[in-house]
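Contents: one structure, followed by commentary.
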Amino acid sequence: MGVAEVLFRAARPRLADAHLLDREDGAQLFLVDGSRLFDIDSDIAEAVREAFADPTGGSLRALMTEYGLEGRGAISAEPPRRFAVRALSLAIAQKCNLGCTYCYAQGGEFGQPAKSMTEETARAAVDLLLEETKPGERANLAFLGGEPLVAREALRRTTVYAAERAAGRGVRLTFSITTNGTLLRADDAAFFEEHGFAVTLSLDGIGTAHDRLRPFKTGASSYDRIVERAKPLLETQRRMQVSARVTVTPANLALRETLDAFVALGFHSVGFSPMLSAPSERHEMEARDLALMLAEMVSCADAFEEHLRAGRRYPFANLLNALREIHKGTHRPYPCGAGAGYLGVSADGDLAACHRFVGDEAGAMGDLVRGVDRERQSAWLAGRHVDRQQPCSGCWARYLCGGGCHHETLSRGRPACDFIRGWLHHSIKVYGRLSRDRLLDRVL
């Protein structure tokens with residue numbers, strides 16, 4: 001049995017409210033309500049196993065009451081009535097110079113004629129964000145596309161405008177950009193550093209692995225150009241943080257090799273995300289592909305532990321994020337802030353649940369002229385609550401996962417549940433080892 005199959009079996013849902021993890025040196029009990037994690041001795045572990053045999057969950061609840069671990073009601077079954085906007089992503093250029101084979105945005109144009117956002121529209125978006133944010137609070141302004149650097153000058157002027165307005169209101173505003181990297185210039189490094197940008201470069205592997213998935217529209221390779229143009233940013237980053245994001249398809253599953261190469265290039269972090277919903281099924285991850293990806297993720301996690309114990313930095317974002325979420329006891333009824341505190345803005349000024357719903361009526365949330373459509377927002381939050389999703393309501397990982405990307409699940413359902421649970425199960429075991437060996441303070 002392979003690594004992934006072992007994790008799939010160990011992480012399968014048995015009860016909705018708890019999960020038991022066996023380790024080499026004992027066991028851990030994960031309680032879903034409040035994402036509470038406990039090391040337990042062999043006697044308690046055996047009692048928990050017996051309680052798990054009761055499919056109603058009654059025996060487990062009785063056992064938890066006996067040990068003073070009753071439910072907290074950390075997640076309300078009722079969705080929030082209203083969310084203030086705390087983050088906006090601007091599709092400042094709905095056009096792109098690459099011809100990515102799996103692009104959900106239809107070549108960056110979202111099924112419409114190529115266009116750029118006017119500065120008037122961009123400023124109106126900034127005004128909306130800052131009006132929703134109180135002095136002393138944090139907010140984020142993100143630039144996406146298409147390829148946002150097609151509209152470099154508008155992006156820069158909007159950034160300066162937003163920074164000045166935020167300072168005047170006492171709002172702590174951060175900036176981010178997701179770019180394909182082909183249009184980067186040396187002077188972008190200084191600008192992004194000055195404003196403390198979080199820069200994410202889309203890179204899908206090394207050399208030809210990347211080029212097969214993200215060529216120029218002419219078919220020419222893009223990898224060497226991106227790496228060369230990223231160098232000034234990687235050398236400059238202090239306030240700025242430059243990360244690599246790898247979209248994983250059946251064609252680029254060499255994760256460990258990719259991670260090592262990108263860490264060596266100097267990226268602040270490197271993260272992997274499976275392609276679950278694409279225009280062509282051949283780019284979507286199926287069960288076999290997800291099993292291979294999980295095995296590669298475990299290999300990356302093993303390398304992370306090895307580097308950590310040797311005192312070396314190894315910025316594997318997926319594991320770092322999981323460890324931090326487990327440590328905080330993160331519990332949430334949604335996978336992200338989409339449709340709540342985070343909205344996307346199209347080049348025309350329409351508001352969407354997130355950047356992936358630009359031009360999609362399913363995620364429409366108003367516009368910059370009339371503001372956020374609170375009725376649609378409330379309906380979205382009510383309908384997308386993880387406890388109202390199936391099979392999520394019976395899964396122990398639901399408040400860590402949040403039910404999966406809204407855009408992907410509405411497009412394709414939930415083909416990656418075993419993968420997500422398997423990865424979370426493994427991450428919790430890593431957390432337990434690092435906690436036991438008092439190494440968590442190096443990564444948290």
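Here's how to read the names in the structure tokens: chain A, B, ... by the order shown, residue numbers from 1 in each chain, ligand numbers from 1 in the order shown.
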- Would you kindly return, as an MDAnalysis selection string, each protein, DNA or RNA residue with an atom no farther than 9 Å from any atom of Val248 in chain A, considering only C-alpha atoms and excluding same-chain residues fewer than 4 positions away? chainID A and resid 204:205 252:253 255 272:275 283:285 293
- Could you pull out all residues of range 222-414 of chain A with a DSSP call of alpha helix (DSSP H) and give them as a PyMOL selection string? chain A and resi 223-236+255-265+287-309+317-328+374-384+398-401+406-412
- Shortest interatomic distance to Arg412 in chain A - which of A:Glu147, A:Asp25, A:Asp17, A:Glu281, counting only C-alpha atoms: A:Glu281
Using only C-alpha atoms, which residues sit within 8 Å of Pro232 in chain A once same-chain residues fewer than 4 positions away are excluded, as a CSV table (one decimal) with C-alpha atoms, in the first residue's frame?
```csv
chain,number,residue,atom,x,y,z
A,186,ALA,CA,14.2,45.9,-12.5
A,189,ALA,CA,11.6,45.6,-7.4
A,236,THR,CA,15.8,43.1,-3.1
```
- Item | Test item: residues at most 12 Å from range 305-311 of chain A, only C-alpha atoms, excluding those fewer than 6 positions along its chain, as a PyMOL selection string | chain A and resi 260+263+298-299+319-320+323+427+429-431+433-434+437-443
Closest-contact table, range 58-156 of chain A side, partner range 390-405 of chain A, 12 Å, counting only C-alpha atoms, as JSON lines:
```
{"residue": "A:Ala74", "atom": "CA", "partner": "A:Tyr399", "partner_atom": "CA", "distance": 10.0}
{"residue": "A:Ile75", "atom": "CA", "partner": "A:Tyr399", "partner_atom": "CA", "distance": 8.4}
{"residue": "A:Ser76", "atom": "CA", "partner": "A:Tyr399", "partner_atom": "CA", "distance": 11.5}
{"residue": "A:Ala77", "atom": "CA", "partner": "A:Ser393", "partner_atom": "CA", "distance": 11.0}
```
- Item | Shell of 12 Å around Glu361 in chain A, only C-alpha atoms, local chain residues under 5 positions omitted, as a PyMOL selection string | chain A and resi 350-354+356+366+376+407
- Those of range 199-374 of chain A in DSSP strand (DSSP E or B), formatted as a ChimeraX atom specification: /A:199-202,216,241-248,269-274,316,338,342-345,350-352,364-367,371-372
- Task: Excluding Asp22 in chain A and any residue of its chain fewer than 6 positions from it, enumerate the residues within 9 Å of it, using only C-alpha atoms, and give them as an NGL selection string.
- Result: :A and (10 or 28-29 or 45 or 429)
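Interatomic distance, CA of Tyr342 in chain A against CA of Val171 in chain A: 16.4 Å.
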- Query: Which residues come within 9 Å of Ala261 in chain A, counting only C-alpha atoms, excluding same-chain residues fewer than 4 positions away, as a VMD selection string?
  - Reply: chain A and resid 205 to 206 256 to 257 265
For the residues in the current selection, export all heavy atoms as a short mmCIF file (atom, residue, chain, number, x, y, z; two decimals), in the first residue's frame.
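Writing done, so here's selection.cif:
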```cif
data_model
loop_
_atom_site.label_atom_id
_atom_site.label_comp_id
_atom_site.auth_asym_id
_atom_site.auth_seq_id
_atom_site.Cartn_x
_atom_site.Cartn_y
_atom_site.Cartn_z
N GLY A 205 6.70 24.59 -12.35
CA GLY A 205 7.71 23.56 -12.44
C GLY A 205 8.99 24.15 -12.98
O GLY A 205 9.13 25.36 -13.12
N ILE A 206 9.92 23.27 -13.29
CA ILE A 206 11.25 23.68 -13.76
C ILE A 206 11.32 23.52 -15.28
O ILE A 206 11.00 22.46 -15.81
CB ILE A 206 12.34 22.83 -13.11
CG1 ILE A 206 12.20 22.84 -11.58
CG2 ILE A 206 13.73 23.31 -13.51
CD1 ILE A 206 12.96 21.75 -10.88
N ARG A 256 8.70 17.63 -5.15
CA ARG A 256 9.92 17.75 -4.32
C ARG A 256 11.04 18.40 -5.13
O ARG A 256 11.74 19.29 -4.63
CB ARG A 256 10.32 16.36 -3.84
CG ARG A 256 11.67 16.32 -3.11
CD ARG A 256 11.61 17.00 -1.74
NE ARG A 256 12.91 16.93 -1.10
CZ ARG A 256 13.35 15.87 -0.40
NH1 ARG A 256 12.60 14.79 -0.27
NH2 ARG A 256 14.53 15.90 0.17
N GLU A 257 11.22 17.97 -6.37
CA GLU A 257 12.25 18.54 -7.24
C GLU A 257 11.98 20.03 -7.45
O GLU A 257 12.89 20.86 -7.41
CB GLU A 257 12.25 17.81 -8.57
CG GLU A 257 13.25 18.35 -9.57
CD GLU A 257 13.12 17.67 -10.93
OE1 GLU A 257 12.13 16.94 -11.16
OE2 GLU A 257 14.01 17.88 -11.78
N LEU A 265 16.45 29.15 -5.51
CA LEU A 265 16.39 30.43 -6.22
C LEU A 265 16.18 31.60 -5.26
O LEU A 265 16.45 32.75 -5.63
CB LEU A 265 15.26 30.41 -7.26
CG LEU A 265 15.53 29.61 -8.53
CD1 LEU A 265 14.26 29.54 -9.37
CD2 LEU A 265 16.66 30.23 -9.34
#
```
- Message: As an exercise, work out the distance from CA of Cys100 in chain A to CA of Ala122 in chain A in Å and give it to one decimal place.
- Response: 26.2 Å
- Query: For Leu130 in chain A, which of A:Asn321, A:Thr174, A:Ser35, A:Gln237 is the closest residue, counting only C-alpha atoms?
  - Reply: A:Thr174
- Query: With only C-alpha atoms as the basis for distance, which of A:Ser42, A:Ser435, A:Thr249, A:Thr118 is at the shortest distance from Glu286 in chain A?
  - Reply: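 Selected residue with least distance to Glu286 in chain A: A:Thr249.
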- Nearest residue to Ile177 in chain A from the set A:Ala91, A:Ala291, A:Leu203, A:Ala114 (distances using only C-alpha atoms):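 Going through A:Ala91, A:Ala291, A:Leu203, A:Ala114 one by one, the smallest distance to Ile177 in chain A is for A:Ala91.
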